[in-house]
$ cat target-v4.txt   # compact mmCIF, C-alpha atoms
# COMPACT_ATOMS: atom_id res chain seq x y z
CA MET A 1 36.28 188.19 -280.73
CA ILE A 2 38.95 190.72 -281.76
CA ILE A 3 38.77 194.20 -280.23
CA ASP A 4 41.11 196.92 -281.48
CA PHE A 5 41.56 199.11 -278.43
CA ARG A 6 42.79 202.23 -280.21
CA VAL A 7 41.78 203.58 -283.60
CA ARG A 8 41.36 207.08 -285.01
CA PRO A 9 39.10 206.29 -287.99
CA PRO A 10 38.65 208.56 -291.04
CA PHE A 11 35.48 210.21 -289.78
CA LYS A 12 34.89 213.97 -289.63
CA SER A 13 37.32 215.73 -287.23
CA PHE A 14 39.46 212.61 -286.81
CA CYS A 15 40.80 213.57 -290.24
CA ASN A 16 42.23 216.77 -288.71
CA LEU A 17 44.78 214.79 -286.72
CA ASN A 18 48.35 215.04 -287.98
CA ILE A 19 48.50 211.25 -288.34
CA HIS A 20 45.90 211.51 -291.13
CA GLY A 21 48.12 213.85 -293.12
CA ARG A 22 49.67 213.06 -296.49
CA ARG A 23 52.30 210.32 -296.36
CA ASP A 24 55.47 209.92 -298.37
CA PRO A 25 55.10 206.57 -300.17
CA ASN A 26 58.90 206.22 -300.14
CA PRO A 27 60.12 207.60 -296.80
CA ASP A 28 63.83 208.21 -296.34
CA PRO A 29 65.02 205.32 -294.16
CA VAL A 30 67.64 207.59 -292.60
CA THR A 31 65.44 210.46 -291.51
CA ALA A 32 61.86 209.14 -291.41
CA PRO A 33 60.31 208.24 -288.04
CA GLY A 34 60.43 204.51 -287.52
CA VAL A 35 56.65 204.17 -287.39
CA TRP A 36 56.39 205.21 -291.04
CA LEU A 37 58.76 202.54 -292.32
CA ASP A 38 57.45 199.38 -293.99
CA VAL A 39 53.86 200.64 -294.02
CA PRO A 40 51.85 199.65 -297.12
CA PRO A 41 49.22 202.02 -298.51
CA ILE A 42 45.95 202.07 -296.56
CA ARG A 43 42.93 202.64 -298.80
CA SER A 44 40.70 204.08 -296.07
CA VAL A 45 43.40 206.61 -295.19
CA GLU A 46 44.01 207.65 -298.77
CA ASP A 47 40.28 207.96 -299.49
CA ARG A 48 39.36 209.27 -296.04
CA SER A 49 36.50 206.80 -296.14
CA ILE A 50 34.77 205.41 -293.07
CA LYS A 51 33.03 202.90 -295.35
CA ALA A 52 36.41 201.58 -296.47
CA PHE A 53 37.53 201.48 -292.81
CA ILE A 54 34.58 199.26 -291.86
CA GLU A 55 35.43 196.99 -294.79
CA GLU A 56 39.03 196.80 -293.55
CA MET A 57 37.75 195.90 -290.07
CA ASP A 58 35.78 193.04 -291.60
CA GLU A 59 38.75 191.85 -293.68
CA ALA A 60 40.98 191.88 -290.56
CA GLY A 61 38.41 190.05 -288.46
CA ILE A 62 38.06 192.97 -286.03
CA ASP A 63 34.64 192.94 -284.39
CA VAL A 64 34.82 196.13 -282.32
CA ALA A 65 37.17 199.12 -282.21
CA VAL A 66 37.68 201.75 -279.52
CA ALA A 67 37.55 205.19 -281.13
CA MET A 68 39.98 207.24 -279.04
CA GLY A 69 39.56 210.98 -278.91
CA ARG A 70 42.33 213.55 -278.70
CA ASN A 71 42.39 217.13 -277.45
CA SER A 72 45.80 218.55 -278.30
CA PRO A 73 47.26 221.70 -279.86
CA ALA A 74 48.97 221.89 -283.25
CA PRO A 75 50.61 220.02 -284.82
CA TRP A 76 48.89 217.03 -283.21
CA GLY A 77 45.28 218.09 -283.65
CA SER A 78 42.01 217.45 -281.86
CA VAL A 79 38.80 215.47 -282.34
CA LEU A 80 35.35 216.77 -281.46
CA ASN A 81 33.70 214.56 -278.87
CA SER A 82 30.42 215.13 -280.66
CA ASP A 83 31.94 213.45 -283.73
CA ILE A 84 32.94 210.42 -281.67
CA ALA A 85 29.38 210.20 -280.32
CA GLU A 86 28.01 210.41 -283.87
CA LEU A 87 30.36 207.67 -285.04
CA VAL A 88 29.24 205.34 -282.22
CA ALA A 89 25.57 206.15 -282.88
CA THR A 90 26.02 205.41 -286.59
CA TYR A 91 27.85 202.12 -286.02
CA PRO A 92 26.79 201.04 -282.51
CA GLU A 93 27.88 197.43 -282.96
CA ARG A 94 31.36 198.34 -284.22
CA PHE A 95 32.65 201.20 -282.05
CA VAL A 96 33.10 202.10 -278.40
CA GLY A 97 33.79 205.76 -277.70
CA PHE A 98 36.45 207.31 -275.48
CA GLY A 99 36.04 211.07 -275.24
CA SER A 100 38.98 213.44 -275.03
CA VAL A 101 39.78 215.84 -272.21
CA ASP A 102 42.34 218.65 -272.24
CA GLY A 103 44.03 218.35 -268.85
CA SER A 104 45.42 221.90 -269.04
CA SER A 105 41.97 223.44 -269.46
CA GLU A 106 40.22 225.13 -266.53
CA ASP A 107 37.13 223.33 -267.82
CA ALA A 108 38.70 219.85 -267.70
CA VAL A 109 36.47 218.44 -264.95
CA ASN A 110 33.35 219.64 -266.76
CA GLN A 111 34.66 218.05 -269.95
CA VAL A 112 34.57 214.70 -268.15
CA ASP A 113 30.93 215.29 -267.23
CA ARG A 114 30.07 216.10 -270.83
CA CYS A 115 31.76 212.88 -271.95
CA VAL A 116 29.44 211.01 -269.60
CA GLY A 117 26.54 212.73 -271.30
CA PHE A 118 27.74 211.36 -274.63
CA GLY A 119 27.67 207.85 -273.20
CA PHE A 120 31.40 207.22 -273.52
CA LYS A 121 33.00 204.35 -271.62
CA GLY A 122 36.31 206.10 -271.11
CA ILE A 123 38.36 209.28 -271.16
CA ALA A 124 41.47 209.74 -273.33
CA MET A 125 44.21 212.16 -272.28
CA ASP A 126 47.55 213.05 -273.87
CA ASN A 127 48.98 215.11 -271.04
CA GLY A 128 52.46 215.48 -272.48
CA TRP A 129 50.88 217.50 -275.30
CA CYS A 130 49.00 219.86 -273.01
CA HIS A 131 49.82 223.55 -273.13
CA PRO A 132 51.99 223.73 -271.11
CA PRO A 133 53.03 220.05 -271.08
CA LEU A 134 52.03 218.08 -267.98
CA TYR A 135 53.36 214.92 -266.42
CA ASP A 136 50.56 212.42 -265.82
CA ASP A 137 51.00 212.73 -262.06
CA ASP A 138 50.79 216.53 -262.02
CA GLU A 139 48.55 217.38 -259.07
CA SER A 140 46.51 219.76 -261.22
CA LEU A 141 45.14 216.66 -262.97
CA PHE A 142 43.94 214.96 -259.80
CA PRO A 143 40.47 216.59 -259.82
CA VAL A 144 40.00 215.20 -263.35
CA TYR A 145 41.00 211.71 -262.24
CA GLU A 146 38.70 212.01 -259.24
CA ARG A 147 35.78 212.82 -261.52
CA VAL A 148 36.70 209.88 -263.77
CA ALA A 149 36.60 207.67 -260.67
CA GLU A 150 33.23 209.08 -259.58
CA HIS A 151 31.71 208.19 -262.95
CA GLY A 152 33.33 204.75 -263.11
CA LEU A 153 35.04 205.54 -266.41
CA ILE A 154 38.16 203.94 -267.86
CA LEU A 155 41.13 206.32 -268.05
CA SER A 156 43.41 206.20 -271.10
CA LEU A 157 46.79 207.90 -270.65
CA THR A 158 48.96 207.79 -273.77
CA SER A 159 52.59 207.35 -272.81
CA SER A 160 55.52 207.00 -275.21
CA ILE A 161 58.55 208.81 -276.52
CA TYR A 162 56.49 211.16 -278.74
CA VAL A 163 54.01 212.38 -276.11
CA GLY A 164 55.81 215.23 -274.40
CA PRO A 165 58.87 217.43 -274.93
CA ASP A 166 61.24 214.60 -273.99
CA MET A 167 61.16 210.98 -272.86
CA SER A 168 60.93 211.91 -269.18
CA TYR A 169 57.20 212.42 -269.81
CA CYS A 170 56.72 208.71 -270.58
CA MET A 171 58.68 207.42 -267.60
CA PRO A 172 56.33 204.87 -265.97
CA VAL A 173 56.74 206.34 -262.50
CA HIS A 174 54.23 209.09 -263.39
CA ILE A 175 51.38 206.69 -264.18
CA GLN A 176 52.54 204.39 -261.39
CA ARG A 177 51.82 207.22 -258.95
CA VAL A 178 48.40 207.85 -260.50
CA ALA A 179 47.56 204.13 -260.31
CA MET A 180 48.50 203.99 -256.63
CA LYS A 181 46.57 207.15 -255.74
CA PHE A 182 43.45 206.08 -257.69
CA PRO A 183 43.36 202.27 -257.35
CA GLU A 184 39.66 202.20 -258.25
CA VAL A 185 40.34 203.65 -261.72
CA GLN A 186 41.16 201.21 -264.52
CA ILE A 187 44.01 202.80 -266.48
CA VAL A 188 44.93 201.78 -270.01
CA VAL A 189 48.26 202.96 -271.42
CA PRO A 190 48.41 203.24 -275.22
CA HIS A 191 52.01 202.86 -276.45
CA ALA A 192 52.72 201.14 -273.10
CA PHE A 193 55.47 203.52 -271.95
CA TRP A 194 57.79 202.73 -274.88
CA PRO A 195 60.80 202.81 -274.73
CA TRP A 196 60.65 202.29 -270.93
CA VAL A 197 59.36 198.76 -271.52
CA THR A 198 60.70 196.84 -268.52
CA GLU A 199 59.86 199.72 -266.19
CA GLY A 200 56.35 199.90 -267.65
CA CYS A 201 55.85 196.19 -267.16
CA GLY A 202 57.00 196.80 -263.60
CA ALA A 203 54.32 199.44 -263.06
CA ALA A 204 51.71 196.94 -264.27
CA PHE A 205 53.24 194.23 -262.07
CA GLN A 206 52.70 196.40 -258.99
CA ASN A 207 49.30 197.85 -259.92
CA SER A 208 46.53 195.55 -261.07
CA ASN A 209 44.53 198.53 -262.36
CA VAL A 210 47.11 199.19 -265.13
CA TYR A 211 46.48 197.69 -268.58
CA LEU A 212 49.19 197.89 -271.23
CA VAL A 213 48.38 198.62 -274.89
CA PRO A 214 51.75 198.35 -276.68
CA ASP A 215 50.09 198.63 -280.12
CA PHE A 216 52.73 198.85 -282.87
CA TYR A 217 55.64 199.03 -280.42
CA GLY A 218 54.72 195.53 -279.36
CA TYR A 219 54.18 193.80 -282.70
CA ILE A 220 56.34 195.47 -285.37
CA PRO A 221 59.06 192.89 -286.06
CA ASN A 222 62.36 193.77 -284.36
CA SER A 223 60.85 196.59 -282.30
CA PRO A 224 63.27 197.01 -279.35
CA GLY A 225 61.79 195.70 -276.11
CA ALA A 226 58.71 194.16 -277.72
CA GLU A 227 59.54 190.71 -276.40
CA GLU A 228 59.22 192.00 -272.83
CA TYR A 229 55.50 192.67 -273.28
CA VAL A 230 54.98 189.07 -274.38
CA LYS A 231 57.09 187.73 -271.51
CA ALA A 232 54.93 189.72 -269.10
CA ALA A 233 51.75 188.38 -270.70
CA ASN A 234 53.08 184.82 -270.46
CA TYR A 235 53.74 185.41 -266.76
CA TYR A 236 51.42 187.85 -264.91
CA LEU A 237 49.97 190.28 -267.47
CA GLY A 238 47.87 187.80 -269.41
CA TYR A 239 44.60 189.41 -268.36
CA ARG A 240 45.77 193.01 -268.78
CA LEU A 241 47.49 193.14 -272.17
CA LEU A 242 45.32 194.63 -274.92
CA PHE A 243 45.64 194.53 -278.70
CA ALA A 244 45.47 197.77 -280.68
CA SER A 245 46.50 198.79 -284.17
CA SER A 246 46.75 202.50 -283.35
CA TYR A 247 45.31 203.05 -286.86
CA PRO A 248 46.07 205.02 -289.03
CA ILE A 249 49.68 204.49 -287.99
CA ARG A 250 49.43 200.86 -289.13
CA PRO A 251 46.92 198.95 -291.30
CA LEU A 252 44.31 196.91 -289.46
CA GLY A 253 44.96 193.58 -291.17
CA LEU A 254 48.75 193.78 -290.85
CA SER A 255 48.39 194.73 -287.18
CA VAL A 256 46.25 191.69 -286.39
CA GLU A 257 48.58 189.42 -288.35
CA GLN A 258 51.74 190.63 -286.63
CA PHE A 259 50.20 190.68 -283.14
CA ALA A 260 48.77 187.17 -283.55
CA ALA A 261 52.23 185.92 -284.58
CA LEU A 262 53.80 186.92 -281.25
CA PRO A 263 55.06 183.98 -279.14
CA PHE A 264 52.23 183.74 -276.62
CA LYS A 265 52.41 180.56 -274.53
CA ASP A 266 49.07 179.21 -275.74
CA GLU A 267 46.08 180.01 -277.91
CA ALA A 268 43.83 180.89 -274.97
CA LEU A 269 46.21 183.68 -273.96
CA ARG A 270 46.48 184.91 -277.55
CA GLN A 271 42.70 185.19 -277.80
CA ARG A 272 42.43 186.99 -274.45
CA CYS A 273 44.95 189.59 -275.58
CA LEU A 274 43.30 189.96 -278.99
CA GLY A 275 39.90 190.63 -277.52
CA GLY A 276 38.85 188.79 -274.37
CA ASN A 277 40.61 191.15 -271.98
CA ALA A 278 39.13 194.18 -273.71
CA GLN A 279 35.67 192.61 -273.75
CA ARG A 280 35.83 192.13 -269.99
CA LEU A 281 37.22 195.61 -269.33
CA LEU A 282 34.63 197.32 -271.54
CA GLY A 283 31.75 195.21 -270.27
CA ILE A 284 30.59 194.15 -273.73

$ encode --input "target-v4.txt" --output "structure tokens"
Amino acid sequence: MIIDFRVRPPFKSFCNLNIHGRRDPNPDPVTAPGVWLDVPPIRSVEDRSIKAFIEEMDEAGIDVAVAMGRNSPAPWGSVLNSDIAELVATYPERFVGFGSVDGSSEDAVNQVDRCVGFGFKGIAMDNGWCHPPLYDDDESLFPVYERVAEHGLILSLTSSIYVGPDMSYCMPVHIQRVAMKFPEVQIVVPHAFWPWVTEGCGAAFQNSNVYLVPDFYGYIPNSPGAEEYVKAANYYLGYRLLFASSYPIRPLGLSVEQFAALPFKDEALRQRCLGGNAQRLLGI
């Protein structure tokens, strides 16, 4: 089984996210963000078609995808949790929903409760994009994490160079502190702290409730630090490394191909990282 642990499919308000905006087919290699280089056209993105997305899942061999919500100001954009619930209800065998919570909202704890009502398995937060920006270990977020723990939800905390005003927001120490304070909460980290790769692997070494989701930072050829994620999986992280395409940043098929080509020590480990670990974590 292959489980893509982070997609933002072309369905309703997902299309409002900045990552679904028009793309330059020939980006300037000097000035374009690295994630937009060497990306072939993606039909489902161009057509904004959920039908085409499902077809691309089938072509890539992806059985299930985690539809990650987002609740962020412009220019990043937000997704309605009701749209995520509708997506899961429409394709119950193909999607697992993670609702979004705005950590800077006075209503944040109640937002967690409403996500439970939608039947989501997890909560997605992008705290560096809050207004004002928050570090993941800001004490104002602790009541939200406590409610996540009470409901037994998975907590997704996106952490990388883009999420926050500067790269101090993705320093692993912030999520390390959350993991130590809430050891009962299973924390997944999309983008896996890039570029603080060794430090992020260290946070996961210390805390067994931390799962790393390097997505494209881990499988794009020549991505700095990517080999450290594989080293960690070959040593101690083999049951807590998760595959994700982070679609629409990268095509589904290319993501599977490049991730599967990483130098895992054996095929059993490769299959766990492609889907077995996620299957166990999600309880599916």

$ residues_around --input "target-v4.txt" --residues "stretch 10-18 of chain A" --least-positions-apart "6" --cutoff "8 Å" --atoms "all atoms listed in the file" --output "list of chain:residue names"
A:Ser44, A:Val45, A:Arg48, A:Ser49, A:Ile50, A:Phe53, A:Pro75, A:Trp76, A:Gly77, A:Ser78, A:Val79, A:Leu80, A:Asp83, A:Leu87

$ write_last_selection --input "target-v4.txt" --atoms "C-alpha atoms" --output "short mmCIF file (atom, residue, chain, number, x, y, z; two decimals), in the frame of the given file"
data_model
loop_
_atom_site.label_atom_id
_atom_site.label_comp_id
_atom_site.auth_asym_id
_atom_site.auth_seq_id
_atom_site.Cartn_x
_atom_site.Cartn_y
_atom_site.Cartn_z
CA SER A 44 40.70 204.08 -296.07
CA VAL A 45 43.40 206.61 -295.19
CA ARG A 48 39.36 209.27 -296.04
CA SER A 49 36.50 206.80 -296.14
CA ILE A 50 34.77 205.41 -293.07
CA PHE A 53 37.53 201.48 -292.81
CA PRO A 75 50.61 220.02 -284.82
CA TRP A 76 48.89 217.03 -283.21
CA GLY A 77 45.28 218.09 -283.65
CA SER A 78 42.01 217.45 -281.86
CA VAL A 79 38.80 215.47 -282.34
CA LEU A 80 35.35 216.77 -281.46
CA ASP A 83 31.94 213.45 -283.73
CA LEU A 87 30.36 207.67 -285.04
#

$ residues_around --input "target-v4.txt" --residues "A:Asn127" --least-positions-apart "2" --cutoff "9 Å" --atoms "all atoms listed in the file" --output "list of chain:residue names"
A:Ser72, A:Asp102, A:Gly103, A:Ser104, A:Met125, A:Trp129, A:Cys130, A:His131, A:Pro133, A:Leu134, A:Tyr135, A:Asp136, A:Leu157, A:Thr158, A:Ser159, A:Val163, A:Gly164, A:Tyr169

$ residues_around --input "target-v4.txt" --residues "stretch 176-191 of chain A" --least-positions-apart "5" --cutoff "8 Å" --atoms "all atoms listed in the file" --output "PyMOL selection string"
chain A and resi 6+136-137+145-146+148-149+152-160+203+207+209-217

$ closest_residue --input "target-v4.txt" --among "A:Pro132, A:Pro143, A:Pro41, A:Gly61" --to "A:Arg23" --atoms "all atoms listed in the file"
A:Pro41

$ closest_residue --input "target-v4.txt" --among "A:Arg250, A:Arg280, A:His174, A:Arg94" --to "A:Asp63" --atoms "all atoms listed in the file"
A:Arg94

$ closest_residue --input "target-v4.txt" --among "A:Asp28, A:Glu199, A:Glu56, A:Glu227" --to "A:Ile42" --atoms "all atoms listed in the file"
A:Glu56

$ atom_distance --input "target-v4.txt" --atom1 "atom CA of A:Ala232" --atom2 "atom CA of A:Met171"
18.2 Å

$ atom_distance --input "target-v4.txt" --atom1 "atom CA of A:Ser100" --atom2 "atom CA of A:Asn81"
6.6 Å

$ closest_residue --input "target-v4.txt" --among "A:Arg8, A:Arg240, A:His151, A:Arg22" --to "A:Gly276" --atoms "only C-alpha atoms"
A:Arg240

$ atom_distance --input "target-v4.txt" --atom1 "atom CA of A:Pro172" --atom2 "atom CA of A:Phe193"
6.2 Å

$ closest_residue --input "target-v4.txt" --among "A:Pro251, A:Pro92, A:Pro33, A:Gly238" --to "A:Asp4" --atoms "only C-alpha atoms"
A:Pro251

$ residues_around --input "target-v4.txt" --residues "A:Ala233" --least-positions-apart "3" --cutoff "12 Å" --atoms "all atoms listed in the file" --output "NGL selection string"
:A and (201 or 204-205 or 211-214 or 218 or 226-230 or 236-243 or 262-266 or 268-274 or 277)

$ closest_residue --input "target-v4.txt" --among "A:Ile220, A:Ala260, A:Pro248, A:Glu267" --to "A:Gly34" --atoms "only C-alpha atoms"
A:Ile220

$ decode --input "target-v4.txt" --residues "stretch 7-37 of chain A" --atoms "N, CA, C and O atoms" --output "PDB file, in the first residue's frame"
ATOM      1  N   VAL A   7      -1.466  15.919   0.663  1.00  0.00           N
ATOM      2  CA  VAL A   7      -1.886  16.471  -0.620  1.00  0.00           C
ATOM      3  C   VAL A   7      -2.889  17.593  -0.364  1.00  0.00           C
ATOM      4  O   VAL A   7      -3.579  17.630   0.647  1.00  0.00           O
ATOM      5  N   ARG A   8      -2.933  18.520  -1.334  1.00  0.00           N
ATOM      6  CA  ARG A   8      -3.937  19.581  -1.348  1.00  0.00           C
ATOM      7  C   ARG A   8      -4.603  19.494  -2.718  1.00  0.00           C
ATOM      8  O   ARG A   8      -4.205  20.181  -3.648  1.00  0.00           O
ATOM      9  N   PRO A   9      -5.579  18.579  -2.870  1.00  0.00           N
ATOM     10  CA  PRO A   9      -6.121  18.254  -4.190  1.00  0.00           C
ATOM     11  C   PRO A   9      -6.949  19.398  -4.771  1.00  0.00           C
ATOM     12  O   PRO A   9      -7.401  20.298  -4.033  1.00  0.00           O
ATOM     13  N   PRO A  10      -7.186  19.380  -6.077  1.00  0.00           N
ATOM     14  CA  PRO A  10      -7.948  20.451  -6.730  1.00  0.00           C
ATOM     15  C   PRO A  10      -9.449  20.280  -6.502  1.00  0.00           C
ATOM     16  O   PRO A  10     -10.197  19.899  -7.405  1.00  0.00           O
ATOM     17  N   PHE A  11      -9.879  20.589  -5.279  1.00  0.00           N
ATOM     18  CA  PHE A  11     -11.273  20.399  -4.900  1.00  0.00           C
ATOM     19  C   PHE A  11     -11.737  21.621  -4.115  1.00  0.00           C
ATOM     20  O   PHE A  11     -11.187  21.940  -3.053  1.00  0.00           O
ATOM     21  N   LYS A  12     -12.701  22.350  -4.690  1.00  0.00           N
ATOM     22  CA  LYS A  12     -13.324  23.494  -4.030  1.00  0.00           C
ATOM     23  C   LYS A  12     -12.288  24.459  -3.465  1.00  0.00           C
ATOM     24  O   LYS A  12     -11.406  24.922  -4.181  1.00  0.00           O
ATOM     25  N   SER A  13     -12.328  24.767  -2.144  1.00  0.00           N
ATOM     26  CA  SER A  13     -11.482  25.831  -1.605  1.00  0.00           C
ATOM     27  C   SER A  13     -10.006  25.491  -1.573  1.00  0.00           C
ATOM     28  O   SER A  13      -9.170  26.384  -1.371  1.00  0.00           O
ATOM     29  N   PHE A  14      -9.636  24.221  -1.791  1.00  0.00           N
ATOM     30  CA  PHE A  14      -8.213  23.919  -1.949  1.00  0.00           C
ATOM     31  C   PHE A  14      -7.622  24.739  -3.093  1.00  0.00           C
ATOM     32  O   PHE A  14      -6.446  25.107  -3.064  1.00  0.00           O
ATOM     33  N   CYS A  15      -8.441  25.015  -4.103  1.00  0.00           N
ATOM     34  CA  CYS A  15      -7.963  25.761  -5.263  1.00  0.00           C
ATOM     35  C   CYS A  15      -7.665  27.220  -4.944  1.00  0.00           C
ATOM     36  O   CYS A  15      -7.065  27.928  -5.767  1.00  0.00           O
ATOM     37  N   ASN A  16      -8.059  27.693  -3.746  1.00  0.00           N
ATOM     38  CA  ASN A  16      -7.751  29.059  -3.336  1.00  0.00           C
ATOM     39  C   ASN A  16      -6.342  29.202  -2.786  1.00  0.00           C
ATOM     40  O   ASN A  16      -5.862  30.324  -2.591  1.00  0.00           O
ATOM     41  N   LEU A  17      -5.681  28.093  -2.516  1.00  0.00           N
ATOM     42  CA  LEU A  17      -4.325  28.161  -1.980  1.00  0.00           C
ATOM     43  C   LEU A  17      -3.366  28.720  -3.028  1.00  0.00           C
ATOM     44  O   LEU A  17      -3.515  28.463  -4.228  1.00  0.00           O
ATOM     45  N   ASN A  18      -2.372  29.458  -2.576  1.00  0.00           N
ATOM     46  CA  ASN A  18      -1.436  30.070  -3.518  1.00  0.00           C
ATOM     47  C   ASN A  18      -0.694  29.030  -4.351  1.00  0.00           C
ATOM     48  O   ASN A  18      -0.305  29.301  -5.495  1.00  0.00           O
ATOM     49  N   ILE A  19      -0.519  27.835  -3.817  1.00  0.00           N
ATOM     50  CA  ILE A  19       0.207  26.795  -4.549  1.00  0.00           C
ATOM     51  C   ILE A  19      -0.582  26.270  -5.740  1.00  0.00           C
ATOM     52  O   ILE A  19      -0.043  25.551  -6.577  1.00  0.00           O
ATOM     53  N   HIS A  20      -1.884  26.614  -5.823  1.00  0.00           N
ATOM     54  CA  HIS A  20      -2.684  26.236  -6.986  1.00  0.00           C
ATOM     55  C   HIS A  20      -2.755  27.366  -8.007  1.00  0.00           C
ATOM     56  O   HIS A  20      -3.533  27.287  -8.970  1.00  0.00           O
ATOM     57  N   GLY A  21      -1.959  28.406  -7.801  1.00  0.00           N
ATOM     58  CA  GLY A  21      -1.978  29.525  -8.739  1.00  0.00           C
ATOM     59  C   GLY A  21      -1.293  29.184 -10.047  1.00  0.00           C
ATOM     60  O   GLY A  21      -0.666  28.133 -10.210  1.00  0.00           O
ATOM     61  N   ARG A  22      -1.398  30.103 -10.998  1.00  0.00           N
ATOM     62  CA  ARG A  22      -0.808  29.890 -12.330  1.00  0.00           C
ATOM     63  C   ARG A  22       0.705  29.752 -12.213  1.00  0.00           C
ATOM     64  O   ARG A  22       1.351  30.489 -11.472  1.00  0.00           O
ATOM     65  N   ARG A  23       1.262  28.821 -12.982  1.00  0.00           N
ATOM     66  CA  ARG A  23       2.695  28.567 -12.940  1.00  0.00           C
ATOM     67  C   ARG A  23       3.363  28.997 -14.234  1.00  0.00           C
ATOM     68  O   ARG A  23       2.794  28.844 -15.320  1.00  0.00           O
ATOM     69  N   ASP A  24       4.569  29.496 -14.113  1.00  0.00           N
ATOM     70  CA  ASP A  24       5.375  29.816 -15.275  1.00  0.00           C
ATOM     71  C   ASP A  24       5.950  28.506 -15.823  1.00  0.00           C
ATOM     72  O   ASP A  24       6.683  27.799 -15.120  1.00  0.00           O
ATOM     73  N   PRO A  25       5.626  28.141 -17.061  1.00  0.00           N
ATOM     74  CA  PRO A  25       6.142  26.878 -17.599  1.00  0.00           C
ATOM     75  C   PRO A  25       7.649  26.886 -17.807  1.00  0.00           C
ATOM     76  O   PRO A  25       8.268  25.820 -17.936  1.00  0.00           O
ATOM     77  N   ASN A  26       8.241  28.086 -17.818  1.00  0.00           N
ATOM     78  CA  ASN A  26       9.691  28.207 -17.997  1.00  0.00           C
ATOM     79  C   ASN A  26      10.252  29.148 -16.925  1.00  0.00           C
ATOM     80  O   ASN A  26      10.650  30.277 -17.217  1.00  0.00           O
ATOM     81  N   PRO A  27      10.305  28.687 -15.672  1.00  0.00           N
ATOM     82  CA  PRO A  27      10.760  29.566 -14.594  1.00  0.00           C
ATOM     83  C   PRO A  27      12.226  29.963 -14.752  1.00  0.00           C
ATOM     84  O   PRO A  27      13.039  29.180 -15.258  1.00  0.00           O
ATOM     85  N   ASP A  28      12.538  31.172 -14.343  1.00  0.00           N
ATOM     86  CA  ASP A  28      13.908  31.670 -14.393  1.00  0.00           C
ATOM     87  C   ASP A  28      14.745  30.886 -13.385  1.00  0.00           C
ATOM     88  O   ASP A  28      14.487  30.953 -12.172  1.00  0.00           O
ATOM     89  N   PRO A  29      15.743  30.160 -13.815  1.00  0.00           N
ATOM     90  CA  PRO A  29      16.521  29.337 -12.882  1.00  0.00           C
ATOM     91  C   PRO A  29      17.322  30.157 -11.876  1.00  0.00           C
ATOM     92  O   PRO A  29      17.797  29.608 -10.876  1.00  0.00           O
ATOM     93  N   VAL A  30      17.458  31.458 -12.130  1.00  0.00           N
ATOM     94  CA  VAL A  30      18.187  32.313 -11.204  1.00  0.00           C
ATOM     95  C   VAL A  30      17.295  32.796 -10.075  1.00  0.00           C
ATOM     96  O   VAL A  30      17.695  32.831  -8.909  1.00  0.00           O
ATOM     97  N   THR A  31      16.062  33.150 -10.402  1.00  0.00           N
ATOM     98  CA  THR A  31      15.205  33.804  -9.411  1.00  0.00           C
ATOM     99  C   THR A  31      14.057  32.937  -8.905  1.00  0.00           C
ATOM    100  O   THR A  31      13.477  33.244  -7.862  1.00  0.00           O
ATOM    101  N   ALA A  32      13.710  31.867  -9.610  1.00  0.00           N
ATOM    102  CA  ALA A  32      12.554  31.052  -9.205  1.00  0.00           C
ATOM    103  C   ALA A  32      12.870  30.250  -7.954  1.00  0.00           C
ATOM    104  O   ALA A  32      13.996  29.783  -7.763  1.00  0.00           O
ATOM    105  N   PRO A  33      11.878  30.086  -7.051  1.00  0.00           N
ATOM    106  CA  PRO A  33      12.083  29.185  -5.914  1.00  0.00           C
ATOM    107  C   PRO A  33      12.447  27.788  -6.390  1.00  0.00           C
ATOM    108  O   PRO A  33      11.933  27.306  -7.410  1.00  0.00           O
ATOM    109  N   GLY A  34      13.330  27.138  -5.659  1.00  0.00           N
ATOM    110  CA  GLY A  34      13.818  25.839  -6.079  1.00  0.00           C
ATOM    111  C   GLY A  34      12.737  24.806  -6.299  1.00  0.00           C
ATOM    112  O   GLY A  34      12.872  23.925  -7.158  1.00  0.00           O
ATOM    113  N   VAL A  35      11.636  24.902  -5.533  1.00  0.00           N
ATOM    114  CA  VAL A  35      10.590  23.884  -5.652  1.00  0.00           C
ATOM    115  C   VAL A  35       9.888  23.929  -6.999  1.00  0.00           C
ATOM    116  O   VAL A  35       9.204  22.973  -7.372  1.00  0.00           O
ATOM    117  N   TRP A  36      10.011  25.034  -7.729  1.00  0.00           N
ATOM    118  CA  TRP A  36       9.334  25.138  -9.019  1.00  0.00           C
ATOM    119  C   TRP A  36      10.223  24.733 -10.182  1.00  0.00           C
ATOM    120  O   TRP A  36       9.803  24.784 -11.346  1.00  0.00           O
ATOM    121  N   LEU A  37      11.457  24.340  -9.901  1.00  0.00           N
ATOM    122  CA  LEU A  37      12.355  23.930 -10.971  1.00  0.00           C
ATOM    123  C   LEU A  37      12.144  22.451 -11.303  1.00  0.00           C
ATOM    124  O   LEU A  37      11.878  21.636 -10.416  1.00  0.00           O
TER     125      LEU A  37
END
